[in-house]
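Here the structure is laid out as structure tokens; the discussion comes afterwards.
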There are 2 protein chains.
Amino acid sequence: MELDQTDFQILSMLQDDGKCSYSKIARNIGVSEGTVRGRINKMLKNEVFEFIIHTNPYKIGLHVQAIIGLETRVGYHDAIACQLQPHRSVRFIGAFSGKHDLIIQAFFRDNEELVSFVDQTLSGIEGIISVDVNVELKQYKDTFSYVD
Amino acid sequence: MELDQTDFQILSMLQDDGKCSYSKIARNIGVSEGTVRGRINKMLKNEVFEFIIHTNPYKIGLHVQAIIGLETRVGYHDAIACQLQPHRSVRFIGAFSGKHDLIIQAFFRDNEELVSFVDQTLSGIEGIISVDVNVELKQYKDTFSYVD
DNA sequence: TATGAAAGTTGCTCCTT
DNA sequence: AAGGAGCAACTTTCATA
């Protein structure tokens, strides 16, 4: 799908305020409300973006955040990723080129839950050679606005 | 701020559909529309969550995604993080305990932009001892729904 | 692009605890 | 007080032409 200037202007306003109304966007960028609605629906259909909420993990009791790098046996990527996928704690899973074959990001209630994840869940999965656990101490930036 | 069952039910519905109306939520969980509105506004004020959009980076031309681990000289965390913060490409910056002192996640238009980021931007920052670049090959999971 | 009906939002008051 | 329900004015949405 080709996005033009108008589409990017719409995305830009929505990423500042996901609740911004069609009419407010329309007024700001000088097109009709129907145009904004049409563009948004087209982009939603093409999965250019989606309306979501971002919950602050700390405020709902998830105090421990970790990024875990995994070294895996050749050909075990997919199987491991699929086993990790359903876990509530796991927010992100990606296959990478570099030192780690798989990198995951996960949230836990406390350190105990993290330890149990590493010692029980991860150690029970076949094909994992090494586990590199990094626990977040401080967050400097966490943005979802990457449209210019 | 203390969240009760009603708050979690509201969050749960919103994380499935960020555009869900107050009245639809109200009907579904059996309280009045005003109650839903009040709870949402209170949570927004307390920064429990925010309404945003999640743009698919690929669809807007950001084809290269990387997670970069940095080893830094003692005491240089903050200064480095602050220098990286304003960069458009950088989505996430965190200080960690573990093999890497800082971990960042960034999006680029192409490999050239990534290389230029590492060779120009990162190498120009004082206090960075080593750079561990991991380029994403495949994404298995990327969710924002971590309310039960 | 424009119109109008249907739906949603908002601020208010009133009630219950 | 605090939180939930109910009401009326206003705004937004969305199908139709």
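Residue names in the structure tokens use chain letters A, B, ... in the order shown, residue numbers from 1 in each chain, and ligand numbers from 1 in the order shown.
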
12 Å contact set for Phe117 of chain B, only C-alpha atoms (C1' of nucleotides), chain neighbours under 3 positions out, as a list in words: Ala66, Ile68, Leu84, His87, Arg88, Ser89, Val90, Ala106, Phe107, Phe108, Arg109, Asp110, Asn111, Glu112, Glu113, Leu114, Gln120, Thr121, Leu122, Ser123, Gly124, Ile125, Val131 and Val133 of chain B

Spatial neighbours of segment 10-17 of chain C, 10 Å, only C-alpha atoms (C1' of nucleotides), chain gap at least 4 places, as an MDAnalysis selection string: (chainID B and resid 34 37) or (chainID D and resid 2:11)

Please produce a file of those selected residues containing N, CA and C atoms (P, O5', C5', C4', C3', O3' and C1' of nucleotides), as a PDB file, in the first residue's frame.
ATOM      1  N   GLY B  34     -21.147   6.311  32.631  1.00  0.00           N
ATOM      2  CA  GLY B  34     -20.451   7.322  33.418  1.00  0.00           C
ATOM      3  C   GLY B  34     -19.356   6.730  34.288  1.00  0.00           C
ATOM      4  N   ARG B  37     -16.394   5.942  32.095  1.00  0.00           N
ATOM      5  CA  ARG B  37     -15.705   7.180  31.756  1.00  0.00           C
ATOM      6  C   ARG B  37     -14.883   7.694  32.925  1.00  0.00           C
TER       7      ARG B  37
ATOM      8  P    DA D   2     -13.423  12.282  48.748  1.00  0.00           P
ATOM      9  O5'  DA D   2     -13.493  10.693  48.685  1.00  0.00           O
ATOM     10  C5'  DA D   2     -14.578   9.982  49.310  1.00  0.00           C
ATOM     11  C4'  DA D   2     -14.995   8.815  48.425  1.00  0.00           C
ATOM     12  C3'  DA D   2     -14.610   8.946  46.950  1.00  0.00           C
ATOM     13  O3'  DA D   2     -14.318   7.656  46.454  1.00  0.00           O
ATOM     14  C1'  DA D   2     -16.961   8.942  47.166  1.00  0.00           C
ATOM     15  P    DG D   3     -13.974   7.419  44.892  1.00  0.00           P
ATOM     16  O5'  DG D   3     -15.259   6.629  44.408  1.00  0.00           O
ATOM     17  C5'  DG D   3     -15.684   5.464  45.133  1.00  0.00           C
ATOM     18  C4'  DG D   3     -16.964   4.968  44.519  1.00  0.00           C
ATOM     19  C3'  DG D   3     -16.909   4.876  42.990  1.00  0.00           C
ATOM     20  O3'  DG D   3     -17.563   3.692  42.570  1.00  0.00           O
ATOM     21  C1'  DG D   3     -18.651   6.324  43.643  1.00  0.00           C
ATOM     22  P    DG D   4     -17.603   3.303  41.029  1.00  0.00           P
ATOM     23  O5'  DG D   4     -19.163   3.360  40.754  1.00  0.00           O
ATOM     24  C5'  DG D   4     -20.035   2.511  41.505  1.00  0.00           C
ATOM     25  C4'  DG D   4     -21.452   2.907  41.232  1.00  0.00           C
ATOM     26  C3'  DG D   4     -21.824   2.861  39.745  1.00  0.00           C
ATOM     27  O3'  DG D   4     -23.027   2.133  39.570  1.00  0.00           O
ATOM     28  C1'  DG D   4     -22.358   4.972  40.684  1.00  0.00           C
ATOM     29  P    DA D   5     -23.633   1.957  38.120  1.00  0.00           P
ATOM     30  O5'  DA D   5     -24.832   2.998  38.128  1.00  0.00           O
ATOM     31  C5'  DA D   5     -25.981   2.724  38.926  1.00  0.00           C
ATOM     32  C4'  DA D   5     -27.014   3.801  38.696  1.00  0.00           C
ATOM     33  C3'  DA D   5     -27.540   3.877  37.259  1.00  0.00           C
ATOM     34  O3'  DA D   5     -28.953   3.940  37.306  1.00  0.00           O
ATOM     35  C1'  DA D   5     -26.697   6.000  37.961  1.00  0.00           C
ATOM     36  P    DG D   6     -29.817   3.929  35.971  1.00  0.00           P
ATOM     37  O5'  DG D   6     -30.180   5.453  35.685  1.00  0.00           O
ATOM     38  C5'  DG D   6     -30.673   6.256  36.759  1.00  0.00           C
ATOM     39  C4'  DG D   6     -31.005   7.637  36.235  1.00  0.00           C
ATOM     40  C3'  DG D   6     -31.468   7.661  34.775  1.00  0.00           C
ATOM     41  O3'  DG D   6     -32.535   8.598  34.671  1.00  0.00           O
ATOM     42  C1'  DG D   6     -29.542   9.037  35.029  1.00  0.00           C
ATOM     43  P    DC D   7     -33.379   8.759  33.302  1.00  0.00           P
ATOM     44  O5'  DC D   7     -33.015  10.238  32.854  1.00  0.00           O
ATOM     45  C5'  DC D   7     -33.088  11.300  33.816  1.00  0.00           C
ATOM     46  C4'  DC D   7     -32.428  12.555  33.262  1.00  0.00           C
ATOM     47  C3'  DC D   7     -32.784  12.848  31.809  1.00  0.00           C
ATOM     48  O3'  DC D   7     -33.208  14.201  31.714  1.00  0.00           O
ATOM     49  C1'  DC D   7     -30.432  12.935  32.129  1.00  0.00           C
ATOM     50  P    DA D   8     -34.044  14.626  30.400  1.00  0.00           P
ATOM     51  O5'  DA D   8     -33.062  15.695  29.744  1.00  0.00           O
ATOM     52  C5'  DA D   8     -32.594  16.788  30.534  1.00  0.00           C
ATOM     53  C4'  DA D   8     -31.524  17.544  29.766  1.00  0.00           C
ATOM     54  C3'  DA D   8     -31.880  17.821  28.306  1.00  0.00           C
ATOM     55  O3'  DA D   8     -31.312  19.070  27.946  1.00  0.00           O
ATOM     56  C1'  DA D   8     -29.940  16.507  28.378  1.00  0.00           C
ATOM     57  P    DA D   9     -31.673  19.821  26.605  1.00  0.00           P
ATOM     58  O5'  DA D   9     -30.237  20.246  26.063  1.00  0.00           O
ATOM     59  C5'  DA D   9     -29.387  21.031  26.896  1.00  0.00           C
ATOM     60  C4'  DA D   9     -27.957  20.949  26.389  1.00  0.00           C
ATOM     61  C3'  DA D   9     -27.820  21.317  24.904  1.00  0.00           C
ATOM     62  O3'  DA D   9     -26.690  22.163  24.744  1.00  0.00           O
ATOM     63  C1'  DA D   9     -26.934  19.158  25.289  1.00  0.00           C
ATOM     64  P    DC D  10     -26.405  22.848  23.339  1.00  0.00           P
ATOM     65  O5'  DC D  10     -25.138  22.031  22.849  1.00  0.00           O
ATOM     66  C5'  DC D  10     -24.044  21.796  23.760  1.00  0.00           C
ATOM     67  C4'  DC D  10     -23.188  20.674  23.223  1.00  0.00           C
ATOM     68  C3'  DC D  10     -22.796  20.820  21.745  1.00  0.00           C
ATOM     69  O3'  DC D  10     -21.391  21.008  21.667  1.00  0.00           O
ATOM     70  C1'  DC D  10     -23.435  18.583  22.284  1.00  0.00           C
ATOM     71  P    DT D  11     -20.678  21.194  20.223  1.00  0.00           P
ATOM     72  O5'  DT D  11     -20.126  19.746  19.894  1.00  0.00           O
ATOM     73  C5'  DT D  11     -19.336  19.062  20.861  1.00  0.00           C
ATOM     74  C4'  DT D  11     -18.972  17.704  20.307  1.00  0.00           C
ATOM     75  C3'  DT D  11     -18.425  17.726  18.882  1.00  0.00           C
ATOM     76  O3'  DT D  11     -17.180  17.069  18.886  1.00  0.00           O
ATOM     77  C1'  DT D  11     -20.156  16.116  19.097  1.00  0.00           C
TER      78       DT D  11
END

Exercise: DA7 of chain C partners within 10 Å, only C-alpha atoms (C1' of nucleotides), chain neighbours under 3 positions left out, as a VMD selection string: (chain B and resid 21 23) or (chain D and resid 12 to 14)

Create the file for the chosen residues now, containing N, CA and C atoms (P, O5', C5', C4', C3', O3' and C1' of nucleotides) and written as a PDB file, in the first residue's frame.
ATOM      1  N   SER B  21     -15.985   1.897  22.612  1.00  0.00           N
ATOM      2  CA  SER B  21     -16.649   3.045  23.245  1.00  0.00           C
ATOM      3  C   SER B  21     -16.947   2.801  24.714  1.00  0.00           C
ATOM      4  N   SER B  23     -19.671   3.266  26.216  1.00  0.00           N
ATOM      5  CA  SER B  23     -20.971   2.602  26.396  1.00  0.00           C
ATOM      6  C   SER B  23     -20.882   1.102  26.109  1.00  0.00           C
TER       7      SER B  23
ATOM      8  P    DT D  12     -16.341  16.836  17.541  1.00  0.00           P
ATOM      9  O5'  DT D  12     -16.763  15.340  17.169  1.00  0.00           O
ATOM     10  C5'  DT D  12     -16.560  14.317  18.122  1.00  0.00           C
ATOM     11  C4'  DT D  12     -17.078  13.003  17.586  1.00  0.00           C
ATOM     12  C3'  DT D  12     -16.511  12.615  16.215  1.00  0.00           C
ATOM     13  O3'  DT D  12     -16.029  11.286  16.327  1.00  0.00           O
ATOM     14  C1'  DT D  12     -18.863  12.445  16.230  1.00  0.00           C
ATOM     15  P    DT D  13     -15.238  10.612  15.098  1.00  0.00           P
ATOM     16  O5'  DT D  13     -16.337   9.634  14.514  1.00  0.00           O
ATOM     17  C5'  DT D  13     -16.946   8.700  15.395  1.00  0.00           C
ATOM     18  C4'  DT D  13     -18.128   8.052  14.711  1.00  0.00           C
ATOM     19  C3'  DT D  13     -17.811   7.389  13.365  1.00  0.00           C
ATOM     20  O3'  DT D  13     -18.322   6.070  13.437  1.00  0.00           O
ATOM     21  C1'  DT D  13     -19.716   8.780  13.195  1.00  0.00           C
ATOM     22  P    DC D  14     -17.719   4.917  12.460  1.00  0.00           P
ATOM     23  O5'  DC D  14     -18.830   4.852  11.321  1.00  0.00           O
ATOM     24  C5'  DC D  14     -20.193   4.662  11.711  1.00  0.00           C
ATOM     25  C4'  DC D  14     -21.101   4.875  10.532  1.00  0.00           C
ATOM     26  C3'  DC D  14     -20.518   4.473   9.169  1.00  0.00           C
ATOM     27  O3'  DC D  14     -21.547   3.846   8.427  1.00  0.00           O
ATOM     28  C1'  DC D  14     -21.304   6.652   9.061  1.00  0.00           C
TER      29       DC D  14
END

Residue set, segment 11-143 of chain A restricted to strand (DSSP E), as number ranges by chain: A: 49-55, 64-72, 90-97, 102-108, 128-142

Within 7 Å of chain A: residues of chain B, using only C-alpha atoms, as a count of residues only: 40

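Note that the spacing between atom CA of Gly38 of chain A and atom CA of Ile25 of chain B amounts to 25.1 Å.
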
Between atom CA of Ile128 of chain A and atom CA of Arg73 of chain A, distance in Å (one decimal):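 One can read the atom CA of Ile128 of chain A to atom CA of Arg73 of chain A distance as 6.3 Å.
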
Residues of chain C that approach chain A to 12 Å or less, counting only C-alpha atoms (C1' of nucleotides): could you list each one with the shortest pair of atoms and its distance in Å to one decimal, rows by chain and increasing residue number, as JSON lines?
{"residue": "C:DT1", "atom": "C1'", "partner": "A:Ser32", "partner_atom": "CA", "distance": 7.9}
{"residue": "C:DA2", "atom": "C1'", "partner": "A:Gly34", "partner_atom": "CA", "distance": 10.0}
{"residue": "C:DG8", "atom": "C1'", "partner": "A:Ser21", "partner_atom": "CA", "distance": 11.7}
{"residue": "C:DT9", "atom": "C1'", "partner": "A:Ser21", "partner_atom": "CA", "distance": 11.3}

Backbone DSSP call of helix (DSSP H, G or I) for chain B, listed as a ChimeraX atom specification: /B:5-16,22-29,33-45,57-60,77-84,111-124

Residue nearest chain D among B:Ile129, B:Ala26, B:Ile10, B:Ala79 (counting only C-alpha atoms (C1' of nucleotides)):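 Smallest separation from chain D among the options: B:Ala26.
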
Which residue of B:Val31, B:Leu70, B:Gln9, B:Lys45 approaches chain D most closely, using only C-alpha atoms (C1' of nucleotides): B:Val31
